[in-house]
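Next comes input.cif, a file with mmCIF, C-alpha atoms and all ligand atoms.
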```cif
data_final
#
loop_
_atom_site.label_atom_id
_atom_site.label_comp_id
_atom_site.auth_asym_id
_atom_site.auth_seq_id
_atom_site.Cartn_x
_atom_site.Cartn_y
_atom_site.Cartn_z
CA MET S 1 -36.83 17.46 6.43
CA LEU S 2 -35.33 19.17 3.45
CA TRP S 3 -34.56 15.79 1.88
CA THR S 4 -38.18 14.62 2.32
CA ARG S 5 -39.56 17.74 0.70
CA ARG S 6 -37.20 17.54 -2.24
CA SER S 7 -37.96 13.91 -2.89
CA PHE S 8 -41.67 14.66 -2.66
CA LEU S 9 -41.32 17.42 -5.26
CA ALA S 10 -39.24 15.26 -7.53
CA ALA S 11 -41.67 12.32 -7.47
CA PRO S 12 -43.33 12.34 -10.89
CA ALA S 13 -47.13 12.49 -10.87
CA ALA S 14 -48.77 9.36 -12.28
CA LEU S 15 -49.70 9.90 -15.91
CA ALA S 16 -53.39 9.65 -16.77
CA LEU S 17 -52.25 7.08 -19.31
CA ASP S 18 -51.11 4.92 -16.39
CA GLY S 19 -54.27 5.47 -14.32
CA GLY S 20 -53.35 8.81 -12.67
CA SER S 21 -55.84 11.67 -12.64
CA PRO S 22 -55.82 13.81 -15.80
CA VAL S 23 -54.83 17.49 -15.77
CA ARG S 24 -58.26 18.45 -17.18
CA SER S 25 -61.64 16.83 -16.99
CA THR S 26 -62.67 17.82 -20.54
CA PRO S 27 -60.52 17.86 -23.68
CA LEU S 28 -58.98 21.14 -24.76
CA ARG S 29 -59.36 22.08 -28.39
CA ALA S 30 -57.77 24.85 -30.47
CA ARG S 31 -60.38 26.67 -32.56
CA HIS S 32 -60.17 28.56 -35.88
CA PHE S 33 -58.77 32.01 -35.18
CA GLY S 34 -60.71 34.34 -37.52
CA PRO S 35 -64.26 33.17 -36.76
CA LEU S 36 -63.58 33.52 -33.02
CA TYR S 37 -63.49 37.29 -33.65
CA TYR S 38 -66.65 37.58 -35.75
CA ASP S 39 -68.95 40.29 -34.42
CA ASP S 40 -71.18 43.10 -35.68
CA SER S 41 -68.43 44.61 -37.80
CA GLU S 42 -68.35 41.65 -40.25
CA TRP S 43 -72.15 41.63 -40.20
CA THR S 44 -72.44 45.37 -41.00
CA LEU S 45 -70.13 45.13 -44.02
CA LEU S 46 -71.86 41.96 -45.26
CA LYS S 47 -75.22 43.67 -44.97
CA GLU S 48 -73.99 46.57 -47.10
CA VAL S 49 -73.17 44.15 -49.93
CA TRP S 50 -76.56 42.51 -49.52
CA GLN S 51 -78.51 45.74 -49.37
CA THR S 52 -76.78 47.26 -52.38
CA ARG S 53 -77.24 43.98 -54.30
CA SER S 54 -73.65 44.25 -55.32
CA PRO S 55 -71.82 40.93 -54.91
CA PHE S 56 -69.44 41.31 -57.90
CA ARG S 57 -66.30 43.29 -57.23
CA PHE S 58 -65.98 45.26 -60.47
CA TRP S 59 -69.45 46.60 -61.26
CA ASN S 60 -73.19 46.57 -60.53
CA PHE S 61 -76.32 48.13 -61.97
CA GLU S 62 -76.23 51.14 -59.65
CA ASN S 63 -73.98 54.15 -59.97
CA ARG S 64 -72.14 53.33 -56.78
CA LEU S 65 -69.04 51.22 -57.42
CA PRO S 66 -68.58 48.13 -55.27
CA ASP S 67 -65.76 48.85 -52.84
CA LYS S 68 -65.24 45.97 -50.40
CA THR S 69 -62.61 44.03 -52.36
CA ALA S 70 -60.81 47.16 -53.51
CA THR S 71 -60.69 48.52 -49.95
CA LEU S 72 -59.53 45.17 -48.62
CA GLU S 73 -56.63 45.20 -51.10
CA ARG S 74 -55.55 48.69 -50.06
CA GLU S 75 -55.74 47.95 -46.35
CA PHE S 76 -54.05 44.55 -46.65
CA ALA S 77 -51.17 46.06 -48.67
CA ALA S 78 -50.72 48.81 -46.06
CA LYS S 79 -50.79 46.27 -43.23
CA MET S 80 -48.13 44.12 -44.92
CA GLY S 81 -45.95 47.11 -45.77
CA VAL S 82 -46.07 46.59 -49.56
CA LYS S 83 -47.33 48.70 -52.46
CA TYR S 84 -49.86 46.34 -54.03
CA ALA S 85 -52.20 43.53 -53.00
CA LEU S 86 -54.59 41.45 -55.06
CA ALA S 87 -57.51 39.60 -53.49
CA VAL S 88 -58.18 36.12 -54.92
CA ASN S 89 -60.46 33.24 -54.01
CA SER S 90 -57.92 30.96 -52.27
CA GLY S 91 -54.31 30.53 -51.23
CA THR S 92 -53.83 27.97 -53.98
CA SER S 93 -55.03 30.53 -56.56
CA ALA S 94 -52.69 33.08 -54.98
CA LEU S 95 -49.72 30.73 -55.48
CA GLU S 96 -50.71 30.07 -59.10
CA ALA S 97 -51.12 33.79 -59.79
CA ALA S 98 -47.77 34.59 -58.12
CA LEU S 99 -45.98 31.93 -60.17
CA ALA S 100 -47.68 33.27 -63.31
CA ALA S 101 -46.44 36.74 -62.37
CA LEU S 102 -42.92 35.32 -62.14
CA GLU S 103 -43.44 33.75 -65.59
CA VAL S 104 -42.74 30.22 -64.40
CA GLY S 105 -43.29 27.65 -67.15
CA PRO S 106 -42.08 24.43 -68.76
CA GLY S 107 -38.35 23.91 -68.34
CA ASP S 108 -38.26 25.90 -65.10
CA GLU S 109 -37.68 24.47 -61.65
CA VAL S 110 -39.05 25.83 -58.41
CA VAL S 111 -37.45 24.88 -55.11
CA ILE S 112 -40.02 24.21 -52.42
CA PRO S 113 -39.76 22.68 -48.94
CA ALA S 114 -40.22 18.91 -48.73
CA TRP S 115 -42.74 19.59 -45.94
CA THR S 116 -45.53 22.00 -46.89
CA TRP S 117 -49.10 21.96 -48.17
CA HIS S 118 -50.07 20.16 -51.43
CA SER S 119 -50.83 23.50 -53.10
CA CYS S 120 -47.16 24.50 -53.27
CA PHE S 121 -46.34 21.43 -55.37
CA HIS S 122 -49.52 21.52 -57.46
CA ALA S 123 -49.26 25.22 -58.33
CA VAL S 124 -45.80 24.59 -59.83
CA ILE S 125 -47.01 21.54 -61.76
CA ARG S 126 -50.01 23.43 -63.12
CA HIS S 127 -47.59 25.88 -64.76
CA GLY S 128 -45.80 22.94 -66.40
CA ALA S 129 -42.70 23.48 -64.25
CA LEU S 130 -40.88 21.06 -61.97
CA PRO S 131 -41.07 21.23 -58.17
CA VAL S 132 -37.77 20.28 -56.53
CA CYS S 133 -38.07 19.54 -52.83
CA ALA S 134 -35.45 20.67 -50.31
CA GLU S 135 -34.97 19.43 -46.75
CA ILE S 136 -36.37 21.30 -43.76
CA ASP S 137 -34.68 21.94 -40.40
CA GLU S 138 -36.01 22.04 -36.83
CA SER S 139 -37.93 25.24 -37.61
CA PHE S 140 -40.06 23.03 -39.95
CA ASN S 141 -39.08 25.48 -42.71
CA LEU S 142 -36.46 25.26 -45.48
CA ASP S 143 -33.04 24.41 -44.08
CA PRO S 144 -30.70 27.17 -45.32
CA ALA S 145 -27.79 24.74 -45.06
CA ARG S 146 -29.43 22.29 -47.48
CA VAL S 147 -31.30 24.48 -49.92
CA GLU S 148 -28.44 24.88 -52.39
CA GLU S 149 -28.44 21.13 -53.05
CA ALA S 150 -31.83 21.57 -54.73
CA ILE S 151 -30.80 24.49 -56.97
CA SER S 152 -29.79 23.87 -60.59
CA PRO S 153 -29.20 26.13 -63.59
CA ARG S 154 -32.92 25.66 -64.38
CA THR S 155 -34.14 26.92 -61.02
CA LYS S 156 -36.14 30.11 -61.42
CA VAL S 157 -37.84 30.56 -58.08
CA LEU S 158 -37.15 29.80 -54.45
CA MET S 159 -40.47 29.34 -52.69
CA ILE S 160 -39.98 30.18 -49.02
CA VAL S 161 -42.93 28.88 -47.02
CA HIS S 162 -43.38 30.17 -43.47
CA LEU S 163 -45.05 27.25 -41.77
CA GLN S 164 -47.25 27.11 -38.70
CA GLY S 165 -46.73 30.73 -37.82
CA ASN S 166 -42.96 30.46 -37.82
CA PRO S 167 -40.90 32.78 -40.04
CA ALA S 168 -38.22 31.05 -42.10
CA ASP S 169 -34.62 32.12 -41.61
CA MET S 170 -34.69 35.00 -44.11
CA ASP S 171 -31.22 36.31 -43.19
CA ARG S 172 -29.74 33.08 -44.52
CA LEU S 173 -32.21 32.19 -47.29
CA LEU S 174 -32.45 35.55 -49.09
CA PRO S 175 -28.69 35.86 -49.77
CA ILE S 176 -28.69 32.36 -51.30
CA ALA S 177 -31.51 33.35 -53.67
CA ARG S 178 -29.70 36.58 -54.53
CA LYS S 179 -26.38 34.84 -55.11
CA ARG S 180 -27.99 32.26 -57.41
CA GLY S 181 -30.13 34.82 -59.28
CA LEU S 182 -33.47 33.37 -58.14
CA ARG S 183 -36.78 35.14 -57.66
CA VAL S 184 -38.31 34.67 -54.22
CA LEU S 185 -41.94 33.76 -53.67
CA GLU S 186 -42.95 33.84 -50.00
CA ASP S 187 -45.90 31.64 -49.07
CA VAL S 188 -47.30 33.25 -45.93
CA SER S 189 -50.51 31.19 -45.79
CA GLN S 190 -49.81 29.71 -42.36
CA ALA S 191 -48.28 32.85 -40.86
CA VAL S 192 -50.39 35.87 -41.87
CA GLY S 193 -49.54 38.66 -39.44
CA ALA S 194 -46.20 37.20 -38.36
CA SER S 195 -42.98 39.11 -38.98
CA TYR S 196 -39.26 38.59 -39.29
CA LYS S 197 -37.01 41.02 -37.45
CA GLY S 198 -39.66 43.73 -37.60
CA ARG S 199 -40.75 43.20 -41.21
CA ARG S 200 -44.05 41.57 -42.08
CA LEU S 201 -43.71 38.23 -43.83
CA GLY S 202 -44.31 38.53 -47.55
CA SER S 203 -42.65 41.93 -47.81
CA MET S 204 -39.08 40.64 -48.20
CA GLY S 205 -39.24 38.48 -51.33
CA ASP S 206 -40.29 39.49 -54.85
CA ILE S 207 -43.91 38.47 -54.38
CA ALA S 208 -46.02 36.76 -51.73
CA ALA S 209 -49.05 34.51 -51.60
CA ALA S 210 -51.34 33.99 -48.62
CA SER S 211 -54.36 31.88 -47.81
CA LEU S 212 -57.29 33.22 -45.82
CA GLN S 213 -58.98 29.81 -45.58
CA VAL S 214 -60.56 28.87 -42.28
CA ASN S 215 -57.42 27.43 -40.64
CA LYS S 216 -55.52 30.69 -41.14
CA THR S 217 -55.09 33.84 -39.01
CA ILE S 218 -58.02 35.73 -40.53
CA SER S 219 -60.74 34.14 -42.61
CA ALA S 220 -63.97 34.24 -44.53
CA GLY S 221 -63.88 30.46 -44.93
CA GLU S 222 -61.94 30.80 -48.18
CA GLY S 223 -59.84 33.57 -49.68
CA GLY S 224 -56.34 34.48 -50.71
CA MET S 225 -53.97 37.39 -51.34
CA VAL S 226 -51.07 38.07 -53.68
CA TYR S 227 -48.87 40.99 -52.67
CA THR S 228 -45.74 42.67 -53.93
CA ASN S 229 -43.86 45.93 -54.34
CA ASP S 230 -43.27 45.31 -58.04
CA PRO S 231 -45.82 46.90 -60.42
CA LEU S 232 -44.99 44.50 -63.25
CA LEU S 233 -45.48 41.42 -61.08
CA PHE S 234 -48.69 42.93 -59.75
CA GLU S 235 -50.06 43.57 -63.22
CA ARG S 236 -49.24 40.04 -64.36
CA ALA S 237 -50.93 38.58 -61.28
CA VAL S 238 -54.00 40.79 -61.77
CA ARG S 239 -54.29 39.78 -65.41
CA PHE S 240 -53.81 36.10 -64.64
CA HIS S 241 -56.54 36.16 -61.98
CA ASP S 242 -59.10 37.79 -64.29
CA VAL S 243 -58.80 36.13 -67.73
CA GLY S 244 -56.09 38.47 -68.92
CA THR S 245 -57.84 41.76 -68.18
CA LEU S 246 -56.77 44.82 -66.23
CA ARG S 247 -59.80 46.72 -65.02
CA ASN S 248 -60.04 50.34 -63.91
CA VAL S 249 -59.55 49.82 -60.22
CA HIS S 250 -56.15 48.17 -60.75
CA GLN S 251 -55.13 50.27 -63.72
CA GLU S 252 -55.66 53.41 -61.59
CA TRP S 253 -53.57 51.88 -58.81
CA LEU S 254 -50.76 51.08 -61.24
CA GLY S 255 -50.93 54.40 -63.05
CA ALA S 256 -50.70 52.76 -66.47
CA ALA S 257 -50.88 49.34 -68.10
CA ARG S 258 -47.48 47.90 -68.96
CA LEU S 259 -48.54 44.60 -70.52
CA GLU S 260 -50.75 43.11 -73.20
CA PRO S 261 -53.58 40.76 -72.15
CA VAL S 262 -52.28 37.29 -71.25
CA PRO S 263 -54.20 34.02 -70.93
CA GLY S 264 -55.48 33.69 -67.40
CA SER S 265 -58.15 32.18 -65.25
CA ASN S 266 -60.90 33.45 -62.96
CA PHE S 267 -59.69 33.67 -59.37
CA ARG S 268 -61.74 36.76 -58.46
CA MET S 269 -62.97 37.35 -54.92
CA THR S 270 -66.65 38.12 -54.26
CA GLU S 271 -67.75 41.22 -52.37
CA PHE S 272 -69.30 38.99 -49.69
CA THR S 273 -65.97 37.34 -48.99
CA ALA S 274 -64.21 40.71 -49.08
CA ALA S 275 -66.71 42.22 -46.62
CA VAL S 276 -65.83 39.61 -44.01
CA LEU S 277 -62.11 39.84 -44.75
CA LEU S 278 -62.10 43.63 -44.59
CA SER S 279 -63.45 43.46 -41.09
CA GLN S 280 -61.00 40.67 -40.25
CA VAL S 281 -57.92 42.50 -41.55
CA ARG S 282 -58.82 45.39 -39.23
CA LYS S 283 -58.62 42.90 -36.36
CA LEU S 284 -55.38 41.26 -37.48
CA ASP S 285 -53.12 43.06 -35.02
CA ARG S 286 -55.43 42.16 -32.12
CA ILE S 287 -55.54 38.48 -33.14
CA VAL S 288 -51.75 38.40 -33.51
CA ALA S 289 -51.25 40.04 -30.10
CA ASP S 290 -53.67 37.58 -28.48
CA ILE S 291 -52.14 34.41 -29.97
CA ARG S 292 -48.64 35.63 -29.11
CA ALA S 293 -49.70 36.26 -25.51
CA VAL S 294 -51.13 32.73 -25.25
CA ALA S 295 -47.97 31.18 -26.71
CA ARG S 296 -45.76 33.28 -24.44
CA ARG S 297 -47.58 32.00 -21.36
CA VAL S 298 -46.96 28.42 -22.47
CA TYR S 299 -43.30 28.97 -23.40
CA GLU S 300 -42.63 30.76 -20.11
CA GLY S 301 -44.39 28.04 -18.13
CA ILE S 302 -42.16 25.29 -19.51
CA ALA S 303 -38.91 27.23 -20.02
CA ASP S 304 -37.18 25.74 -16.97
CA LEU S 305 -37.83 22.09 -17.86
CA PRO S 306 -34.43 20.39 -17.87
CA GLY S 307 -33.19 19.49 -21.34
CA LEU S 308 -36.17 21.18 -23.04
CA LYS S 309 -35.86 21.26 -26.83
CA THR S 310 -38.50 23.25 -28.66
CA ARG S 311 -38.95 23.99 -32.35
CA LEU S 312 -36.29 26.31 -33.76
CA LEU S 313 -37.57 29.89 -33.98
CA PRO S 314 -35.41 32.09 -36.25
CA ASP S 315 -37.14 35.16 -34.78
CA PRO S 316 -39.05 34.32 -31.58
CA ALA S 317 -40.51 37.84 -31.35
CA GLY S 318 -41.94 37.62 -34.87
CA GLU S 319 -43.47 34.18 -34.58
CA LEU S 320 -47.27 33.89 -34.32
CA GLY S 321 -47.39 31.07 -31.77
CA VAL S 322 -49.98 28.82 -33.37
CA GLY S 323 -48.45 25.82 -31.64
CA VAL S 324 -45.73 24.87 -29.19
CA TYR S 325 -43.68 21.95 -30.50
CA LEU S 326 -41.24 19.83 -28.54
CA ASP S 327 -38.48 17.50 -29.67
CA LEU S 328 -39.13 14.13 -28.01
CA GLY S 329 -35.94 12.55 -29.31
CA SER S 330 -37.49 9.67 -31.27
CA ARG S 331 -40.70 8.68 -33.01
CA GLN S 332 -41.43 6.11 -30.35
CA ALA S 333 -41.16 8.66 -27.53
CA ARG S 334 -43.15 11.20 -29.56
CA ASP S 335 -46.00 8.77 -30.07
CA VAL S 336 -46.11 7.99 -26.35
CA PHE S 337 -46.12 11.74 -25.68
CA LEU S 338 -49.15 12.21 -27.95
CA LYS S 339 -51.03 9.38 -26.26
CA ALA S 340 -50.12 10.56 -22.77
CA MET S 341 -51.13 14.17 -23.52
CA ARG S 342 -54.44 13.01 -24.96
CA ALA S 343 -55.09 11.07 -21.76
CA GLU S 344 -54.46 14.30 -19.79
CA ASN S 345 -57.18 15.93 -21.97
CA VAL S 346 -54.63 18.29 -23.49
CA PRO S 347 -54.40 16.77 -26.96
CA ALA S 348 -51.04 17.04 -28.69
CA SER S 349 -50.36 16.19 -32.31
CA ALA S 350 -47.53 15.48 -34.71
CA PRO S 351 -46.68 18.51 -36.88
CA SER S 352 -49.82 19.09 -38.96
CA GLY S 353 -51.27 21.33 -41.65
CA SER S 354 -48.66 20.17 -44.19
CA VAL S 355 -47.59 16.93 -45.84
CA ILE S 356 -44.27 15.36 -46.77
CA LEU S 357 -44.51 16.06 -50.48
CA PRO S 358 -41.91 13.63 -51.89
CA ILE S 359 -43.83 10.65 -50.48
CA GLN S 360 -47.22 11.71 -51.82
CA ASN S 361 -48.55 9.32 -54.41
CA TYR S 362 -48.67 11.97 -57.14
CA ALA S 363 -44.99 12.76 -56.65
CA GLU S 364 -43.49 9.41 -55.87
CA LYS S 365 -45.59 7.11 -58.04
CA LYS S 366 -46.76 9.32 -60.86
CA LEU S 367 -44.49 12.25 -61.51
CA ALA S 368 -41.25 10.42 -60.85
CA VAL S 369 -41.98 7.81 -63.49
CA HIS S 370 -43.90 9.88 -65.99
CA PRO S 371 -41.57 10.89 -68.79
CA GLU S 372 -44.47 12.50 -70.68
CA TRP S 373 -44.97 15.19 -68.04
CA PRO S 374 -44.18 18.50 -69.79
CA SER S 375 -41.78 19.67 -67.14
CA PHE S 376 -39.88 16.40 -67.40
CA ARG S 377 -39.54 16.58 -71.13
CA ALA S 378 -38.33 20.16 -70.92
CA GLY S 379 -36.10 19.86 -67.89
CA ARG S 380 -33.97 17.48 -65.93
CA GLY S 381 -37.03 15.51 -64.76
CA PRO S 382 -35.52 12.04 -64.96
CA GLU S 383 -32.74 13.14 -62.58
CA ILE S 384 -35.23 14.20 -59.93
CA ARG S 385 -36.21 11.48 -57.55
CA TYR S 386 -38.99 11.87 -55.07
CA GLY S 387 -39.78 9.32 -52.35
CA ALA S 388 -38.61 8.90 -48.75
CA ALA S 389 -34.97 8.49 -49.74
CA SER S 390 -34.97 12.05 -51.11
CA CYS S 391 -35.84 13.69 -47.77
CA PRO S 392 -34.58 11.59 -44.84
CA ARG S 393 -33.86 14.60 -42.63
CA THR S 394 -37.35 16.04 -43.11
CA ILE S 395 -38.93 12.72 -42.18
CA ALA S 396 -36.66 12.27 -39.14
CA ILE S 397 -37.43 15.75 -37.80
CA LEU S 398 -41.19 15.42 -38.23
CA ASP S 399 -41.07 12.01 -36.55
CA ARG S 400 -39.45 13.40 -33.39
CA PHE S 401 -41.66 16.43 -32.77
CA GLY S 402 -45.03 16.67 -31.07
CA GLY S 403 -46.89 19.76 -29.98
CA VAL S 404 -49.98 21.45 -28.69
CA LEU S 405 -51.93 23.70 -31.03
CA LEU S 406 -53.13 26.97 -29.52
CA ASP S 407 -55.81 29.53 -30.28
CA PRO S 408 -55.86 33.23 -29.39
CA LYS S 409 -58.84 32.95 -27.05
CA LEU S 410 -57.54 30.21 -24.79
CA SER S 411 -58.04 31.33 -21.20
CA GLU S 412 -55.37 31.67 -18.49
CA ARG S 413 -56.78 28.46 -17.06
CA ASP S 414 -56.43 26.65 -20.42
CA THR S 415 -52.80 27.70 -20.79
CA GLN S 416 -52.09 26.68 -17.19
CA ASP S 417 -53.47 23.24 -18.06
CA ILE S 418 -51.29 23.04 -21.17
CA VAL S 419 -48.25 23.96 -19.10
CA ALA S 420 -49.18 21.49 -16.37
CA ALA S 421 -49.69 18.66 -18.86
CA ILE S 422 -46.38 19.31 -20.63
CA ARG S 423 -44.55 19.59 -17.31
CA LYS S 424 -46.07 16.30 -16.21
CA VAL S 425 -45.66 14.28 -19.42
CA TYR S 426 -42.58 15.58 -21.24
CA PRO S 427 -39.91 14.70 -18.65
CA GLN S 428 -41.37 11.21 -18.24
CA VAL S 429 -41.57 10.22 -21.89
CA ARG S 430 -38.88 12.24 -23.68
CA GLU S 431 -36.12 10.08 -25.02
CA THR S 432 -32.77 11.32 -23.81
CA ALA S 433 -29.40 10.01 -24.92
CA GLN S 434 -29.40 8.09 -21.65
CA SER S 435 -32.84 6.54 -22.03
CA ALA S 436 -32.10 5.71 -25.67
CA ARG S 437 -29.08 3.70 -24.54
CA ALA S 438 -31.01 1.99 -21.75
C1 LIG R 1 -48.55 26.73 -46.89
C2 LIG R 1 -49.85 26.76 -47.62
N1 LIG R 1 -49.88 27.23 -48.88
C3 LIG R 1 -51.02 27.28 -49.59
C4 LIG R 1 -52.22 26.85 -49.04
C5 LIG R 1 -53.44 26.85 -49.88
O1 LIG R 1 -54.44 27.66 -49.38
P1 LIG R 1 -55.99 27.44 -49.75
O2 LIG R 1 -56.46 26.28 -48.94
O3 LIG R 1 -56.63 28.72 -49.35
O4 LIG R 1 -56.07 27.19 -51.20
C6 LIG R 1 -52.24 26.37 -47.74
C7 LIG R 1 -53.51 25.92 -47.13
O5 LIG R 1 -53.54 25.27 -46.13
C8 LIG R 1 -51.03 26.32 -47.00
O6 LIG R 1 -50.99 25.85 -45.76
#
```

What's the structure tokens form of this structure?
Amino acid sequence: MLWTRRSFLAAPAALALDGGSPVRSTPLRARHFGPLYYDDSEWTLLKEVWQTRSPFRFWNFENRLPDKTATLEREFAAKMGVKYALAVNSGTSALEAALAALEVGPGDEVVIPAWTWHSCFHAVIRHGALPVCAEIDESFNLDPARVEEAISPRTKVLMIVHLQGNPADMDRLLPIARKRGLRVLEDVSQAVGASYKGRRLGSMGDIAAASLQVNKTISAGEGGMVYTNDPLLFERAVRFHDVGTLRNVHQEWLGAARLEPVPGSNFRMTEFTAAVLLSQVRKLDRIVADIRAVARRVYEGIADLPGLKTRLLPDPAGELGVGVYLDLGSRQARDVFLKAMRAENVPASAPSGSVILPIQNYAEKKLAVHPEWPSFRAGRGPEIRYGAASCPRTIAILDRFGGVLLDPKLSERDTQDIVAAIRKVYPQVRETAQSARA
């Protein structure tokens, strides 16, 4: 009797891919976090901007000063545990302003992960400096064991990017930067609200950049933030974002100007954007708690799967939980996993939201062979080689992983379906050492 029951339990359910019945009847889909929380509070603040006819952040024709962007900056800085925050119009602008603050220019190198968003590479290039890509590890973030290979005497900045809600291993990365005399720029775009060992991301390096575009934790469609504890870096970022100027609202915050005007751009945020983001930042803790609860239900539901290998989490308690990623052992097995999960109506995907930078056309085909590029003339450009051969470990890791993206408003039922689909598919398609030999 016991034997019959055991063998019944052990019999794997037929995958929907093979004609079995799917876990769900309709496809599950993760939605954008911020807009899921829109309610009257965004609307009320937006209406105030509209009614006061005051869409520009620094002045209007009334006596009352516009206050949405300035208030957003104060509240965002407090939330992140830093002294200063500057609102800008995108995460890409935030990266450019942060690099300007760090005075990155021709002849400098900036170490960035080989797997991250285009903006990290482009922001460095737009300052005339050279991006040098370093391998990632199974956290999908910079591999602390490999980062020193990318550092040279010309390296000025280590850009630590916390990807897909997962904090990078700061306990190992920060001492390397300190030992080598590098400034640290944290890119928190994909992990706003996450923390590392109790400290908010972005508060541990010299300066941080974040995106508030629609795929991020809180959003007004577009938007960005630069934040830091350093008044000098803050002033440089402020000036860079507003054609060299330092207006009253920031001068008062800083106490006094320390710098002369510098050439800059216009990355200012509008009061409409700030109105939405001000309401959103007040909801950040709730969104973070909700997405963490969803992720926890999934992790707990699959924890006992034999041989389970999930993405490396340097601080599981600080992670956001935007997706649960599994190591399938090989690209072939991963691709079967994705197909099989889709058939169960619980779509899974390869790691997304970033690109392998060294194999992008602009890096591999253009920059690598373009001796006229300013950063190449000034630096050790010709030594730097992009392309697949420069990041084999990054490519191998991203090939093996597949995962399910989550959103903070997935129901208990949705997470049960995710768990059921993973429990059904993963053991049947994962490539183990044994199956690889077979
Ligand atoms: C890691 C990272 N950095 C920077 C950015 C750029 O942000 P934005 O799209 O707001 O310019 C993104 C956007 O996806 C990102 O993922």

Counting all atoms listed in the file, which residues of segment 105-143 of chain S fall within 10 Å of segment 162-170 of chain S, and what is the closest atom pair for each with its distance in Å at one decimal, ordered by chain and rising number, as CSV?
```
residue,atom,partner,partner_atom,distance
S:Pro113,CA,S:His162,CA,10.0
S:Trp115,CA,S:Leu163,CA,9.0
S:Thr116,CA,S:Leu163,CA,7.3
S:Trp117,CA,S:Leu163,CA,9.2
S:Asp137,CA,S:Ala168,CA,9.9
S:Ser139,CA,S:Asn166,CA,7.3
S:Phe140,CA,S:Leu163,CA,6.8
S:Asn141,CA,S:Ala168,CA,5.7
S:Leu142,CA,S:Ala168,CA,6.9
S:Asp143,CA,S:Asp169,CA,8.2
```

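Reported to one decimal place, the separation of atom CA of Val276 of chain S from atom CA of Ser219 of chain S is 7.6 Å.
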
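From atom CA of Gly198 of chain S back to atom CA of Leu72 of chain S, the distance works out to 22.8 Å.
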
Under the rule of at most 8 Å, produce a per-residue listing of chain S near ligand LIG 1 (chain R): chain, number, name, the closest pair of atoms, and the distance in Å, as a Markdown table, using all atoms listed in the file.
```
| residue | atom | partner | partner_atom | distance |
| --- | --- | --- | --- | --- |
| S:Asn89 | CA | R:LIG1 | O3 | 7.5 |
| S:Ser90 | CA | R:LIG1 | O3 | 3.9 |
| S:Gly91 | CA | R:LIG1 | O1 | 3.4 |
| S:Thr92 | CA | R:LIG1 | O4 | 3.7 |
| S:Ser93 | CA | R:LIG1 | O4 | 6.4 |
| S:Ala94 | CA | R:LIG1 | O4 | 7.8 |
| S:Leu95 | CA | R:LIG1 | C3 | 6.9 |
| S:Thr116 | CA | R:LIG1 | C1 | 5.6 |
| S:Trp117 | CA | R:LIG1 | C2 | 4.9 |
| S:His118 | CA | R:LIG1 | C3 | 7.4 |
| S:Ser119 | CA | R:LIG1 | C3 | 5.2 |
| S:Cys120 | CA | R:LIG1 | N1 | 5.8 |
| S:Val161 | CA | R:LIG1 | C1 | 6.0 |
| S:His162 | CA | R:LIG1 | C1 | 7.1 |
| S:Leu163 | CA | R:LIG1 | C1 | 6.2 |
| S:Asp187 | CA | R:LIG1 | N1 | 5.9 |
| S:Val188 | CA | R:LIG1 | C1 | 6.7 |
| S:Ser189 | CA | R:LIG1 | C2 | 4.8 |
| S:Gln190 | CA | R:LIG1 | O6 | 5.3 |
| S:Ala209 | CA | R:LIG1 | C3 | 7.8 |
| S:Ala210 | CA | R:LIG1 | C3 | 6.8 |
| S:Ser211 | CA | R:LIG1 | O3 | 4.2 |
| S:Leu212 | CA | R:LIG1 | O3 | 5.8 |
| S:Gln213 | CA | R:LIG1 | O3 | 4.6 |
| S:Asn215 | CA | R:LIG1 | O5 | 7.1 |
| S:Lys216 | CA | R:LIG1 | O5 | 7.6 |
| S:Glu222 | CA | R:LIG1 | O3 | 5.8 |
| S:Gly223 | CA | R:LIG1 | O3 | 5.8 |
| S:Gly224 | CA | R:LIG1 | O3 | 5.9 |
| S:Gly353 | CA | R:LIG1 | O6 | 6.1 |
| S:Ser354 | CA | R:LIG1 | O6 | 6.3 |
```

What would the file look like if the residues just selected were written as a CSV table (one decimal), in the frame of the given file with C-alpha atoms?
```csv
chain,number,residue,atom,x,y,z
S,89,ASN,CA,-60.5,33.2,-54.0
S,90,SER,CA,-57.9,31.0,-52.3
S,91,GLY,CA,-54.3,30.5,-51.2
S,92,THR,CA,-53.8,28.0,-54.0
S,93,SER,CA,-55.0,30.5,-56.6
S,94,ALA,CA,-52.7,33.1,-55.0
S,95,LEU,CA,-49.7,30.7,-55.5
S,116,THR,CA,-45.5,22.0,-46.9
S,117,TRP,CA,-49.1,22.0,-48.2
S,118,HIS,CA,-50.1,20.2,-51.4
S,119,SER,CA,-50.8,23.5,-53.1
S,120,CYS,CA,-47.2,24.5,-53.3
S,161,VAL,CA,-42.9,28.9,-47.0
S,162,HIS,CA,-43.4,30.2,-43.5
S,163,LEU,CA,-45.0,27.2,-41.8
S,187,ASP,CA,-45.9,31.6,-49.1
S,188,VAL,CA,-47.3,33.2,-45.9
S,189,SER,CA,-50.5,31.2,-45.8
S,190,GLN,CA,-49.8,29.7,-42.4
S,209,ALA,CA,-49.0,34.5,-51.6
S,210,ALA,CA,-51.3,34.0,-48.6
S,211,SER,CA,-54.4,31.9,-47.8
S,212,LEU,CA,-57.3,33.2,-45.8
S,213,GLN,CA,-59.0,29.8,-45.6
S,215,ASN,CA,-57.4,27.4,-40.6
S,216,LYS,CA,-55.5,30.7,-41.1
S,222,GLU,CA,-61.9,30.8,-48.2
S,223,GLY,CA,-59.8,33.6,-49.7
S,224,GLY,CA,-56.3,34.5,-50.7
S,353,GLY,CA,-51.3,21.3,-41.6
S,354,SER,CA,-48.7,20.2,-44.2
```
